[in-house]
Amino acid sequence: MAGKFITLEGGEGVGKTTNIQFIKEYLQQHKIPVVVTREPGGTPIAEILREILLARHEETISGHTELLLMFAARSQHLSEVIWPHLIDGTWVLCDRFTDATYAYQGGGRKIDIDEISCLENLVQGDFRPDLTLLLDAPVEVGLTRAEARNELDRFESEKLEFFQSVREIYLTRARQNPGRIKVIQADQALEQVQQQIIEQLEQIVDDNGQ
Ligand code: T5A
């Protein structure tokens, strides 16, 4: 791939959406062509799947249905948006990707990690992000920020233990993939969070010869 694939991860309300715009501007200042996208979603069809996934329904969505819809949306997103841009040399900044599936469906819903890994290989082959910024904050901090902002969606309505498991899996994955996943302390003032992000971006931008 000629472009780089950067993902932002973390629990609810840790600041992914806020900081993705900052990262976009940083890369543009370095003359790097970049698109911003998100998961679940990122294409018209994947956004329809997002609506199903986030809305609160009378009918319960089973863990496997949720998992398969996440990967269905991802498959569409990869073929329609992510891969074409990366092949063209455009960098792709994505608000959540497969680490979220390990954290939410694996940690939160307790789905077997091997099942997730199997779908990851089916949908992505050996494609993985070049860099993942994991915004980490105590669960209560993110939830308070999210609650202050909008009506809670299907995931945000889960119990505290769910989000604690999500956070644990994220941090475990960061320990297992130290080269790719960089932990950003997100419970600090925005300027301090962005300073940490710049330190990580400097490296990938330098490696790219920009
Ligand atoms: N999901 C997703 C899965 O279960 N499996 C998967 O495979 C995938 C891909 C998607 C949901 O889908 C689930 C996980 C999610 O529940 P989403 O909308 O993408 O939903 O994710 P959310 O985490 O819900 O997104 P939010 O927009 O709520 O959180 P963000 O983007 O992390 O936070 P942000 O930037 O909107 O900030 C929240 C508030 O905090 C303030 C902001 O101004 C904003 O008001 N803020 C700060 N305040 C003080 N100090 C700071 N440092 C701050 N940073 C931000």
# chains A, B, ... in the order shown; residues from 1 in each chain; ligands from 1
>>> residues_near_ligand(ligand="ligand 1", cutoff="8 Å", atoms="only C-alpha atoms and all ligand atoms", output="mmCIF file with N, CA, C and O atoms, in the first residue's frame")
data_model
loop_
_atom_site.group_PDB
_atom_site.id
_atom_site.type_symbol
_atom_site.label_atom_id
_atom_site.label_comp_id
_atom_site.auth_asym_id
_atom_site.auth_seq_id
_atom_site.Cartn_x
_atom_site.Cartn_y
_atom_site.Cartn_z
ATOM 1 N N GLU A 9 -8.464 4.367 18.647
ATOM 2 C CA GLU A 9 -9.261 3.440 19.444
ATOM 3 C C GLU A 9 -9.404 3.968 20.857
ATOM 4 O O GLU A 9 -8.671 4.874 21.273
ATOM 5 N N GLY A 10 -10.317 3.324 21.591
ATOM 6 C CA GLY A 10 -10.535 3.687 22.987
ATOM 7 C C GLY A 10 -11.993 3.528 23.349
ATOM 8 O O GLY A 10 -12.832 3.305 22.472
ATOM 9 N N GLY A 11 -12.277 3.652 24.632
ATOM 10 C CA GLY A 11 -13.647 3.486 25.115
ATOM 11 C C GLY A 11 -14.527 4.662 24.722
ATOM 12 O O GLY A 11 -14.120 5.551 23.958
ATOM 13 N N GLU A 12 -15.713 4.661 25.275
ATOM 14 C CA GLU A 12 -16.687 5.719 24.979
ATOM 15 C C GLU A 12 -16.169 7.085 25.438
ATOM 16 O O GLU A 12 -15.643 7.201 26.540
ATOM 17 N N GLY A 13 -16.338 8.094 24.577
ATOM 18 C CA GLY A 13 -16.095 9.477 24.972
ATOM 19 C C GLY A 13 -14.664 9.837 25.346
ATOM 20 O O GLY A 13 -14.438 10.868 25.985
ATOM 21 N N VAL A 14 -13.673 9.024 24.928
ATOM 22 C CA VAL A 14 -12.287 9.348 25.323
ATOM 23 C C VAL A 14 -11.673 10.457 24.461
ATOM 24 O O VAL A 14 -10.599 10.966 24.790
ATOM 25 N N GLY A 15 -12.338 10.812 23.354
ATOM 26 C CA GLY A 15 -11.836 11.926 22.544
ATOM 27 C C GLY A 15 -11.372 11.544 21.144
ATOM 28 O O GLY A 15 -10.634 12.304 20.511
ATOM 29 N N LYS A 16 -11.823 10.418 20.631
ATOM 30 C CA LYS A 16 -11.392 9.982 19.294
ATOM 31 C C LYS A 16 -11.836 10.976 18.213
ATOM 32 O O LYS A 16 -11.040 11.399 17.391
ATOM 33 N N THR A 17 -13.136 11.313 18.244
ATOM 34 C CA THR A 17 -13.667 12.197 17.203
ATOM 35 C C THR A 17 -13.013 13.580 17.284
ATOM 36 O O THR A 17 -12.673 14.179 16.259
ATOM 37 N N THR A 18 -12.797 14.058 18.507
ATOM 38 C CA THR A 18 -12.159 15.372 18.702
ATOM 39 C C THR A 18 -10.747 15.352 18.119
ATOM 40 O O THR A 18 -10.346 16.272 17.396
ATOM 41 N N ASN A 19 -9.990 14.304 18.387
ATOM 42 C CA ASN A 19 -8.578 14.300 18.008
ATOM 43 C C ASN A 19 -8.323 13.877 16.569
ATOM 44 O O ASN A 19 -7.262 14.165 16.025
ATOM 45 N N ARG A 38 -14.764 6.236 9.482
ATOM 46 C CA ARG A 38 -15.077 5.675 10.804
ATOM 47 C C ARG A 38 -15.685 4.285 10.680
ATOM 48 O O ARG A 38 -16.184 3.901 9.611
ATOM 49 N N GLU A 39 -15.665 3.576 11.790
ATOM 50 C CA GLU A 39 -16.323 2.258 11.858
ATOM 51 C C GLU A 39 -17.168 2.158 13.130
ATOM 52 O O GLU A 39 -16.778 2.723 14.153
ATOM 53 N N PRO A 40 -18.261 1.388 13.124
ATOM 54 C CA PRO A 40 -18.837 0.861 11.901
ATOM 55 C C PRO A 40 -19.332 2.014 11.040
ATOM 56 O O PRO A 40 -19.791 3.022 11.563
ATOM 57 N N ARG A 50 -24.369 0.479 10.533
ATOM 58 C CA ARG A 50 -24.079 1.221 11.778
ATOM 59 C C ARG A 50 -25.374 1.596 12.507
ATOM 60 O O ARG A 50 -25.470 1.448 13.724
ATOM 61 N N LEU A 53 -26.723 -1.279 14.231
ATOM 62 C CA LEU A 53 -25.877 -1.676 15.367
ATOM 63 C C LEU A 53 -26.011 -0.738 16.566
ATOM 64 O O LEU A 53 -25.939 -1.178 17.715
ATOM 65 N N LEU A 54 -26.170 0.555 16.309
ATOM 66 C CA LEU A 54 -26.170 1.515 17.420
ATOM 67 C C LEU A 54 -27.559 1.795 18.000
ATOM 68 O O LEU A 54 -27.677 2.187 19.162
ATOM 69 N N GLU A 66 -24.149 -9.321 16.105
ATOM 70 C CA GLU A 66 -23.402 -8.064 16.236
ATOM 71 C C GLU A 66 -22.000 -8.195 15.612
ATOM 72 O O GLU A 66 -21.559 -7.339 14.850
ATOM 73 N N LEU A 67 -21.354 -9.302 15.942
ATOM 74 C CA LEU A 67 -20.000 -9.535 15.425
ATOM 75 C C LEU A 67 -19.997 -9.603 13.897
ATOM 76 O O LEU A 67 -19.155 -8.975 13.229
ATOM 77 N N MET A 70 -20.570 -6.234 12.302
ATOM 78 C CA MET A 70 -19.348 -5.408 12.370
ATOM 79 C C MET A 70 -18.412 -5.772 11.218
ATOM 80 O O MET A 70 -17.872 -4.902 10.538
ATOM 81 N N PHE A 71 -18.219 -7.068 11.007
ATOM 82 C CA PHE A 71 -17.297 -7.471 9.937
ATOM 83 C C PHE A 71 -17.907 -7.285 8.545
ATOM 84 O O PHE A 71 -17.173 -7.048 7.582
ATOM 85 N N ASP A 95 -11.673 6.197 12.646
ATOM 86 C CA ASP A 95 -12.190 6.249 14.016
ATOM 87 C C ASP A 95 -12.720 4.853 14.333
ATOM 88 O O ASP A 95 -13.804 4.497 13.886
ATOM 89 N N ARG A 96 -11.918 4.051 15.000
ATOM 90 C CA ARG A 96 -12.166 2.638 15.357
ATOM 91 C C ARG A 96 -11.940 1.690 14.178
ATOM 92 O O ARG A 96 -12.260 2.015 13.032
ATOM 93 N N PHE A 97 -11.450 0.505 14.497
ATOM 94 C CA PHE A 97 -11.282 -0.579 13.508
ATOM 95 C C PHE A 97 -11.325 -1.902 14.280
ATOM 96 O O PHE A 97 -12.004 -1.988 15.306
ATOM 97 N N THR A 98 -10.584 -2.891 13.856
ATOM 98 C CA THR A 98 -10.778 -4.248 14.400
ATOM 99 C C THR A 98 -10.377 -4.393 15.869
ATOM 100 O O THR A 98 -10.894 -5.278 16.564
ATOM 101 N N ASP A 99 -9.481 -3.542 16.367
ATOM 102 C CA ASP A 99 -9.181 -3.624 17.810
ATOM 103 C C ASP A 99 -10.454 -3.396 18.621
ATOM 104 O O ASP A 99 -10.604 -3.953 19.715
ATOM 105 N N ALA A 100 -11.380 -2.564 18.069
ATOM 106 C CA ALA A 100 -12.656 -2.327 18.765
ATOM 107 C C ALA A 100 -13.473 -3.611 18.830
ATOM 108 O O ALA A 100 -14.188 -3.851 19.813
ATOM 109 N N THR A 101 -13.377 -4.438 17.806
ATOM 110 C CA THR A 101 -14.131 -5.699 17.822
ATOM 111 C C THR A 101 -13.587 -6.620 18.911
ATOM 112 O O THR A 101 -14.344 -7.269 19.637
ATOM 113 N N TYR A 102 -12.251 -6.687 19.021
ATOM 114 C CA TYR A 102 -11.664 -7.499 20.101
ATOM 115 C C TYR A 102 -12.115 -6.956 21.463
ATOM 116 O O TYR A 102 -12.438 -7.725 22.368
ATOM 117 N N ALA A 103 -12.110 -5.621 21.589
ATOM 118 C CA ALA A 103 -12.427 -5.027 22.893
ATOM 119 C C ALA A 103 -13.914 -5.153 23.234
ATOM 120 O O ALA A 103 -14.267 -5.593 24.333
ATOM 121 N N TYR A 104 -14.789 -4.775 22.283
ATOM 122 C CA TYR A 104 -16.231 -4.732 22.580
ATOM 123 C C TYR A 104 -16.893 -6.115 22.467
ATOM 124 O O TYR A 104 -17.623 -6.527 23.369
ATOM 125 N N GLN A 105 -16.658 -6.799 21.321
ATOM 126 C CA GLN A 105 -17.324 -8.098 21.173
ATOM 127 C C GLN A 105 -16.561 -9.175 21.962
ATOM 128 O O GLN A 105 -17.164 -10.069 22.542
ATOM 129 N N LEU A 135 -6.536 5.808 22.835
ATOM 130 C CA LEU A 135 -6.805 6.852 23.836
ATOM 131 C C LEU A 135 -7.363 6.161 25.065
ATOM 132 O O LEU A 135 -8.454 5.580 25.017
ATOM 133 N N GLY A 142 -14.633 8.848 30.443
ATOM 134 C CA GLY A 142 -15.195 8.827 29.089
ATOM 135 C C GLY A 142 -16.712 8.817 29.104
ATOM 136 O O GLY A 142 -17.350 9.529 28.318
ATOM 137 N N ARG A 145 -18.142 12.182 29.881
ATOM 138 C CA ARG A 145 -18.062 13.075 28.713
ATOM 139 C C ARG A 145 -19.134 12.716 27.689
ATOM 140 O O ARG A 145 -19.803 13.587 27.137
ATOM 141 N N ALA A 146 -19.309 11.399 27.437
ATOM 142 C CA ALA A 146 -20.297 10.964 26.433
ATOM 143 C C ALA A 146 -21.715 11.305 26.884
ATOM 144 O O ALA A 146 -22.532 11.776 26.097
ATOM 145 N N ALA A 148 -22.688 13.694 28.817
ATOM 146 C CA ALA A 148 -22.954 15.131 28.783
ATOM 147 C C ALA A 148 -23.287 15.576 27.363
ATOM 148 O O ALA A 148 -23.871 16.636 27.155
ATOM 149 N N ARG A 149 -22.918 14.755 26.381
ATOM 150 C CA ARG A 149 -23.012 15.205 24.999
ATOM 151 C C ARG A 149 -24.308 14.809 24.288
ATOM 152 O O ARG A 149 -24.860 15.563 23.537
ATOM 153 N N ASP A 153 -26.482 5.616 23.083
ATOM 154 C CA ASP A 153 -26.856 4.608 22.095
ATOM 155 C C ASP A 153 -26.837 3.215 22.740
ATOM 156 O O ASP A 153 -26.658 3.078 23.953
ATOM 157 N N ARG A 154 -27.002 2.166 21.903
ATOM 158 C CA ARG A 154 -27.140 0.791 22.433
ATOM 159 C C ARG A 154 -25.900 0.364 23.223
ATOM 160 O O ARG A 154 -25.998 -0.299 24.242
ATOM 161 N N PHE A 155 -24.715 0.756 22.742
ATOM 162 C CA PHE A 155 -23.491 0.374 23.457
ATOM 163 C C PHE A 155 -23.305 1.213 24.723
ATOM 164 O O PHE A 155 -22.973 0.700 25.783
ATOM 165 N N GLU A 156 -23.537 2.528 24.569
ATOM 166 C CA GLU A 156 -23.315 3.431 25.709
ATOM 167 C C GLU A 156 -24.236 3.114 26.890
ATOM 168 O O GLU A 156 -23.977 3.534 28.009
ATOM 169 N N ALA A 186 -5.519 9.794 27.942
ATOM 170 C CA ALA A 186 -6.551 10.693 27.429
ATOM 171 C C ALA A 186 -7.339 11.415 28.514
ATOM 172 O O ALA A 186 -8.252 12.180 28.206
ATOM 173 N N ASP A 187 -6.969 11.201 29.794
ATOM 174 C CA ASP A 187 -7.707 11.879 30.867
ATOM 175 C C ASP A 187 -7.027 13.189 31.244
ATOM 176 O O ASP A 187 -7.213 13.701 32.339
ATOM 177 N N GLN A 188 -6.230 13.711 30.331
ATOM 178 C CA GLN A 188 -5.549 14.990 30.585
ATOM 179 C C GLN A 188 -6.202 16.099 29.755
ATOM 180 O O GLN A 188 -7.078 15.817 28.939
ATOM 181 N N ALA A 189 -5.735 17.332 29.950
ATOM 182 C CA ALA A 189 -6.264 18.447 29.166
ATOM 183 C C ALA A 189 -5.968 18.182 27.685
ATOM 184 O O ALA A 189 -4.969 17.526 27.352
ATOM 185 N N LEU A 190 -6.828 18.694 26.824
ATOM 186 C CA LEU A 190 -6.728 18.405 25.389
ATOM 187 C C LEU A 190 -5.335 18.706 24.818
ATOM 188 O O LEU A 190 -4.797 17.931 24.020
ATOM 189 N N GLU A 191 -4.711 19.828 25.257
ATOM 190 C CA GLU A 191 -3.380 20.192 24.714
ATOM 191 C C GLU A 191 -2.354 19.111 25.058
ATOM 192 O O GLU A 191 -1.474 18.800 24.244
ATOM 193 N N GLN A 192 -2.474 18.545 26.260
ATOM 194 C CA GLN A 192 -1.512 17.498 26.657
ATOM 195 C C GLN A 192 -1.754 16.203 25.892
ATOM 196 O O GLN A 192 -0.811 15.511 25.509
ATOM 197 N N VAL A 193 -3.029 15.916 25.654
ATOM 198 C CA VAL A 193 -3.361 14.721 24.859
ATOM 199 C C VAL A 193 -2.777 14.894 23.454
ATOM 200 O O VAL A 193 -2.131 13.999 22.902
#
>>> residues_around(residues="Gly108 of chain A", least_positions_apart="2", cutoff="9 Å", atoms="only C-alpha atoms", output="CSV table (one decimal) with all heavy atoms, in the first residue's frame")
chain,number,residue,atom,x,y,z
A,102,TYR,N,-12.3,-6.7,19.0
A,102,TYR,CA,-11.7,-7.5,20.1
A,102,TYR,C,-12.1,-7.0,21.5
A,102,TYR,O,-12.4,-7.7,22.4
A,102,TYR,CB,-10.1,-7.5,20.0
A,102,TYR,CG,-9.6,-8.4,18.9
A,102,TYR,CD1,-9.3,-7.9,17.7
A,102,TYR,CD2,-9.4,-9.8,19.2
A,102,TYR,CE1,-8.8,-8.8,16.7
A,102,TYR,CE2,-9.0,-10.6,18.2
A,102,TYR,CZ,-8.6,-10.1,17.0
A,102,TYR,OH,-8.2,-11.0,16.0
A,103,ALA,N,-12.1,-5.6,21.6
A,103,ALA,CA,-12.4,-5.0,22.9
A,103,ALA,C,-13.9,-5.2,23.2
A,103,ALA,O,-14.3,-5.6,24.3
A,103,ALA,CB,-12.0,-3.6,22.9
A,104,TYR,N,-14.8,-4.8,22.3
A,104,TYR,CA,-16.2,-4.7,22.6
A,104,TYR,C,-16.9,-6.1,22.5
A,104,TYR,O,-17.6,-6.5,23.4
A,104,TYR,CB,-16.9,-3.7,21.7
A,104,TYR,CG,-16.8,-2.3,22.1
A,104,TYR,CD1,-15.6,-1.6,21.9
A,104,TYR,CD2,-17.8,-1.6,22.8
A,104,TYR,CE1,-15.4,-0.3,22.3
A,104,TYR,CE2,-17.6,-0.3,23.2
A,104,TYR,CZ,-16.4,0.3,23.0
A,104,TYR,OH,-16.2,1.6,23.4
A,105,GLN,N,-16.7,-6.8,21.3
A,105,GLN,CA,-17.3,-8.1,21.2
A,105,GLN,C,-16.6,-9.2,22.0
A,105,GLN,O,-17.2,-10.1,22.5
A,105,GLN,CB,-17.4,-8.5,19.7
A,105,GLN,CG,-18.6,-7.8,18.9
A,105,GLN,CD,-18.4,-6.3,18.9
A,105,GLN,OE1,-17.4,-5.8,18.4
A,105,GLN,NE2,-19.4,-5.5,19.3
A,106,GLY,N,-15.2,-9.1,22.0
A,106,GLY,CA,-14.4,-10.0,22.8
A,106,GLY,C,-14.5,-9.7,24.3
A,106,GLY,O,-15.0,-10.6,25.1
A,110,LYS,N,-17.9,-11.0,25.5
A,110,LYS,CA,-17.3,-12.3,25.8
A,110,LYS,C,-17.3,-13.4,24.7
A,110,LYS,O,-17.4,-14.6,24.9
A,110,LYS,CB,-18.0,-13.0,27.1
A,110,LYS,CG,-18.2,-12.1,28.2
A,110,LYS,CD,-16.9,-11.8,28.9
A,110,LYS,CE,-17.0,-10.8,30.1
A,110,LYS,NZ,-16.0,-9.8,30.3
A,111,ILE,N,-17.2,-12.9,23.5
A,111,ILE,CA,-17.1,-13.8,22.3
A,111,ILE,C,-15.7,-14.3,22.3
A,111,ILE,O,-14.7,-13.5,22.5
A,111,ILE,CB,-17.5,-13.1,21.0
A,111,ILE,CG1,-19.0,-12.8,21.1
A,111,ILE,CG2,-17.2,-13.9,19.8
A,111,ILE,CD1,-19.6,-12.1,19.9
A,161,GLU,N,-19.3,-2.7,34.1
A,161,GLU,CA,-18.4,-3.8,33.9
A,161,GLU,C,-18.1,-4.1,32.5
A,161,GLU,O,-17.0,-4.5,32.1
A,161,GLU,CB,-19.0,-5.1,34.5
A,161,GLU,CG,-19.4,-5.1,36.0
A,161,GLU,CD,-20.8,-4.5,36.2
A,161,GLU,OE1,-21.7,-5.2,36.0
A,161,GLU,OE2,-20.9,-3.3,36.6
A,162,PHE,N,-19.0,-3.8,31.6
A,162,PHE,CA,-18.9,-4.0,30.2
A,162,PHE,C,-17.7,-3.1,29.7
A,162,PHE,O,-16.8,-3.6,29.1
A,162,PHE,CB,-20.2,-3.6,29.5
A,162,PHE,CG,-20.1,-3.7,28.0
A,162,PHE,CD1,-20.5,-4.9,27.3
A,162,PHE,CD2,-19.7,-2.7,27.2
A,162,PHE,CE1,-20.5,-5.0,25.9
A,162,PHE,CE2,-19.6,-2.7,25.8
A,162,PHE,CZ,-20.1,-3.9,25.2
A,163,PHE,N,-17.7,-1.9,30.1
A,163,PHE,CA,-16.7,-0.9,29.7
A,163,PHE,C,-15.3,-1.2,30.3
A,163,PHE,O,-14.3,-0.9,29.8
A,163,PHE,CB,-17.1,0.5,29.9
A,163,PHE,CG,-18.4,0.8,29.1
A,163,PHE,CD1,-19.6,1.0,29.8
A,163,PHE,CD2,-18.4,0.9,27.7
A,163,PHE,CE1,-20.7,1.3,29.1
A,163,PHE,CE2,-19.5,1.1,27.0
A,163,PHE,CZ,-20.7,1.3,27.7
A,164,GLN,N,-15.4,-1.7,31.5
A,164,GLN,CA,-14.1,-2.1,32.2
A,164,GLN,C,-13.4,-3.2,31.4
A,164,GLN,O,-12.2,-3.2,31.2
A,164,GLN,CB,-14.4,-2.4,33.7
A,164,GLN,CG,-14.2,-1.2,34.5
A,164,GLN,CD,-15.0,-1.1,35.7
A,164,GLN,OE1,-15.8,-2.0,36.0
A,164,GLN,NE2,-14.9,0.0,36.5
A,165,SER,N,-14.3,-4.2,31.0
A,165,SER,CA,-13.7,-5.3,30.2
A,165,SER,C,-13.2,-4.8,28.8
A,165,SER,O,-12.1,-5.2,28.4
A,165,SER,CB,-14.7,-6.4,29.9
A,165,SER,OG,-15.3,-6.9,31.0
A,166,VAL,N,-13.9,-3.9,28.3
A,166,VAL,CA,-13.5,-3.2,27.0
A,166,VAL,C,-12.1,-2.6,27.2
A,166,VAL,O,-11.1,-2.9,26.4
A,166,VAL,CB,-14.5,-2.2,26.5
A,166,VAL,CG1,-13.9,-1.3,25.4
A,166,VAL,CG2,-15.8,-2.9,26.1
A,169,ILE,N,-9.2,-5.2,27.6
A,169,ILE,CA,-8.8,-5.9,26.4
A,169,ILE,C,-8.0,-4.9,25.5
A,169,ILE,O,-6.9,-5.3,25.0
A,169,ILE,CB,-10.0,-6.4,25.6
A,169,ILE,CG1,-10.7,-7.5,26.4
A,169,ILE,CG2,-9.5,-7.0,24.2
A,169,ILE,CD1,-10.0,-8.8,26.5
>>> closest_residue(among="A:Leu93, A:Val123, A:Ala55, A:Ile87", to="Phe22 of chain A", atoms="only C-alpha atoms")
A:Leu93
>>> closest_atom_pairs(of="segment 80-165 of chain A", to="segment 1-8 of chain A", cutoff="12 Å", atoms="only C-alpha atoms", output="Markdown table")
| residue | atom | partner | partner_atom | distance |
| --- | --- | --- | --- | --- |
| A:Val81 | CA | A:Phe5 | CA | 11.7 |
| A:Ile82 | CA | A:Phe5 | CA | 8.2 |
| A:Trp83 | CA | A:Met1 | CA | 8.0 |
| A:Pro84 | CA | A:Met1 | CA | 9.3 |
| A:His85 | CA | A:Gly3 | CA | 7.4 |
| A:Leu86 | CA | A:Gly3 | CA | 4.4 |
| A:Ile87 | CA | A:Met1 | CA | 5.0 |
| A:Asp88 | CA | A:Ala2 | CA | 6.5 |
| A:Gly89 | CA | A:Gly3 | CA | 4.1 |
| A:Thr90 | CA | A:Gly3 | CA | 4.9 |
| A:Trp91 | CA | A:Gly3 | CA | 4.6 |
| A:Val92 | CA | A:Phe5 | CA | 5.0 |
| A:Leu93 | CA | A:Ile6 | CA | 4.9 |
| A:Cys94 | CA | A:Thr7 | CA | 4.7 |
| A:Asp95 | CA | A:Leu8 | CA | 5.0 |
| A:Arg96 | CA | A:Leu8 | CA | 5.3 |
| A:Phe97 | CA | A:Thr7 | CA | 6.5 |
| A:Thr98 | CA | A:Thr7 | CA | 9.3 |
| A:Asp99 | CA | A:Thr7 | CA | 9.1 |
| A:Ala100 | CA | A:Leu8 | CA | 9.5 |
| A:Phe127 | CA | A:Phe5 | CA | 9.8 |
| A:Arg128 | CA | A:Phe5 | CA | 8.1 |
| A:Pro129 | CA | A:Phe5 | CA | 5.1 |
| A:Asp130 | CA | A:Phe5 | CA | 5.3 |
| A:Leu131 | CA | A:Ile6 | CA | 4.9 |
| A:Thr132 | CA | A:Thr7 | CA | 4.7 |
| A:Leu133 | CA | A:Leu8 | CA | 5.0 |
| A:Leu134 | CA | A:Leu8 | CA | 6.0 |
| A:Leu135 | CA | A:Leu8 | CA | 7.3 |
| A:Asp136 | CA | A:Leu8 | CA | 10.7 |
>>> write_last_selection(atoms="N, CA and C atoms", output="mmCIF file, in the first residue's frame")
data_model
loop_
_atom_site.group_PDB
_atom_site.id
_atom_site.type_symbol
_atom_site.label_atom_id
_atom_site.label_comp_id
_atom_site.auth_asym_id
_atom_site.auth_seq_id
_atom_site.Cartn_x
_atom_site.Cartn_y
_atom_site.Cartn_z
ATOM 1 N N VAL A 81 -13.550 1.964 0.353
ATOM 2 C CA VAL A 81 -12.915 3.217 0.810
ATOM 3 C C VAL A 81 -11.448 3.016 1.204
ATOM 4 N N ILE A 82 -11.205 2.116 2.155
ATOM 5 C CA ILE A 82 -9.865 2.059 2.762
ATOM 6 C C ILE A 82 -8.817 1.599 1.746
ATOM 7 N N TRP A 83 -9.012 0.445 1.165
ATOM 8 C CA TRP A 83 -7.989 -0.065 0.242
ATOM 9 C C TRP A 83 -7.794 0.822 -0.996
ATOM 10 N N PRO A 84 -8.881 1.289 -1.666
ATOM 11 C CA PRO A 84 -8.642 2.149 -2.834
ATOM 12 C C PRO A 84 -7.821 3.395 -2.498
ATOM 13 N N HIS A 85 -8.089 4.018 -1.356
ATOM 14 C CA HIS A 85 -7.320 5.218 -0.995
ATOM 15 C C HIS A 85 -5.870 4.876 -0.701
ATOM 16 N N LEU A 86 -5.645 3.809 0.032
ATOM 17 C CA LEU A 86 -4.260 3.451 0.388
ATOM 18 C C LEU A 86 -3.462 3.095 -0.865
ATOM 19 N N ILE A 87 -4.097 2.425 -1.801
ATOM 20 C CA ILE A 87 -3.418 2.057 -3.055
ATOM 21 C C ILE A 87 -3.029 3.321 -3.817
ATOM 22 N N ASP A 88 -3.900 4.328 -3.778
ATOM 23 C CA ASP A 88 -3.629 5.613 -4.462
ATOM 24 C C ASP A 88 -2.588 6.464 -3.756
ATOM 25 N N GLY A 89 -2.189 6.090 -2.543
ATOM 26 C CA GLY A 89 -1.199 6.880 -1.803
ATOM 27 C C GLY A 89 -1.811 7.840 -0.806
ATOM 28 N N THR A 90 -3.135 7.805 -0.650
ATOM 29 C CA THR A 90 -3.787 8.659 0.357
ATOM 30 C C THR A 90 -3.756 7.930 1.706
ATOM 31 N N TRP A 91 -3.429 8.666 2.755
ATOM 32 C CA TRP A 91 -3.451 8.072 4.096
ATOM 33 C C TRP A 91 -4.916 8.016 4.575
ATOM 34 N N VAL A 92 -5.214 6.989 5.339
ATOM 35 C CA VAL A 92 -6.577 6.827 5.850
ATOM 36 C C VAL A 92 -6.540 6.864 7.373
ATOM 37 N N LEU A 93 -7.347 7.793 7.920
ATOM 38 C CA LEU A 93 -7.482 7.914 9.384
ATOM 39 C C LEU A 93 -8.832 7.370 9.754
ATOM 40 N N CYS A 94 -8.866 6.338 10.570
ATOM 41 C CA CYS A 94 -10.144 5.668 10.842
ATOM 42 C C CYS A 94 -10.476 5.682 12.338
ATOM 43 N N ASP A 95 -11.673 6.197 12.646
ATOM 44 C CA ASP A 95 -12.190 6.249 14.016
ATOM 45 C C ASP A 95 -12.720 4.853 14.333
ATOM 46 N N ARG A 96 -11.918 4.051 15.000
ATOM 47 C CA ARG A 96 -12.166 2.638 15.357
ATOM 48 C C ARG A 96 -11.940 1.690 14.178
ATOM 49 N N PHE A 97 -11.450 0.505 14.497
ATOM 50 C CA PHE A 97 -11.282 -0.579 13.508
ATOM 51 C C PHE A 97 -11.325 -1.902 14.280
ATOM 52 N N THR A 98 -10.584 -2.891 13.856
ATOM 53 C CA THR A 98 -10.778 -4.248 14.400
ATOM 54 C C THR A 98 -10.377 -4.393 15.869
ATOM 55 N N ASP A 99 -9.481 -3.542 16.367
ATOM 56 C CA ASP A 99 -9.181 -3.624 17.810
ATOM 57 C C ASP A 99 -10.454 -3.396 18.621
ATOM 58 N N ALA A 100 -11.380 -2.564 18.069
ATOM 59 C CA ALA A 100 -12.656 -2.327 18.765
ATOM 60 C C ALA A 100 -13.473 -3.611 18.830
ATOM 61 N N PHE A 127 -3.893 -7.791 6.334
ATOM 62 C CA PHE A 127 -3.913 -6.323 6.430
ATOM 63 C C PHE A 127 -4.197 -5.873 7.868
ATOM 64 N N ARG A 128 -3.313 -5.008 8.400
ATOM 65 C CA ARG A 128 -3.480 -4.459 9.750
ATOM 66 C C ARG A 128 -3.107 -2.967 9.691
ATOM 67 N N PRO A 129 -3.538 -2.150 10.679
ATOM 68 C CA PRO A 129 -3.145 -0.732 10.672
ATOM 69 C C PRO A 129 -1.622 -0.566 10.789
ATOM 70 N N ASP A 130 -1.113 0.541 10.234
ATOM 71 C CA ASP A 130 0.316 0.865 10.409
ATOM 72 C C ASP A 130 0.547 1.427 11.804
ATOM 73 N N LEU A 131 -0.427 2.186 12.291
ATOM 74 C CA LEU A 131 -0.318 2.796 13.622
ATOM 75 C C LEU A 131 -1.717 2.866 14.237
ATOM 76 N N THR A 132 -1.797 2.510 15.513
ATOM 77 C CA THR A 132 -3.062 2.644 16.249
ATOM 78 C C THR A 132 -2.805 3.485 17.484
ATOM 79 N N LEU A 133 -3.564 4.571 17.624
ATOM 80 C CA LEU A 133 -3.464 5.406 18.821
ATOM 81 C C LEU A 133 -4.609 5.002 19.742
ATOM 82 N N LEU A 134 -4.246 4.443 20.872
ATOM 83 C CA LEU A 134 -5.262 4.002 21.841
ATOM 84 C C LEU A 134 -5.415 5.086 22.897
ATOM 85 N N LEU A 135 -6.536 5.808 22.835
ATOM 86 C CA LEU A 135 -6.805 6.852 23.836
ATOM 87 C C LEU A 135 -7.363 6.161 25.065
ATOM 88 N N ASP A 136 -6.603 6.220 26.131
ATOM 89 C CA ASP A 136 -7.006 5.490 27.346
ATOM 90 C C ASP A 136 -7.344 6.447 28.481
#
>>> atom_distance(atom1="atom CA of Val139 of chain A", atom2="atom CA of Thr65 of chain A")
25.7 Å
>>> select_by_dssp(residues="segment 27-67 of chain A", states="helix (DSSP H, G or I)", output="PyMOL selection string")
chain A and resi 27-29+44-54+63-67
>>> atom_distance(atom1="atom CA of Val36 of chain A", atom2="atom CA of Tyr170 of chain A")
21.9 Å
>>> atom_distance(atom1="atom CA of Arg109 of chain A", atom2="atom CA of Gly63 of chain A")
6.3 Å
>>> residues_around(residues="Ala174 of chain A", least_positions_apart="6", cutoff="9 Å", atoms="only C-alpha atoms", output="ChimeraX atom specification")
/A:134,180-183
>>> closest_residue(among="A:Asp112, A:Asp126, A:Glu140, A:Glu47", to="His77 of chain A", atoms="only C-alpha atoms")
A:Glu47
>>> select_by_dssp(residues="segment 91-178 of chain A", states="strand (DSSP E or B)", output="list in words")
Trp91, Val92, Leu93, Cys94, Asp95, Leu131, Thr132, Leu133, Leu134, Leu135 and Asp136 of chain A
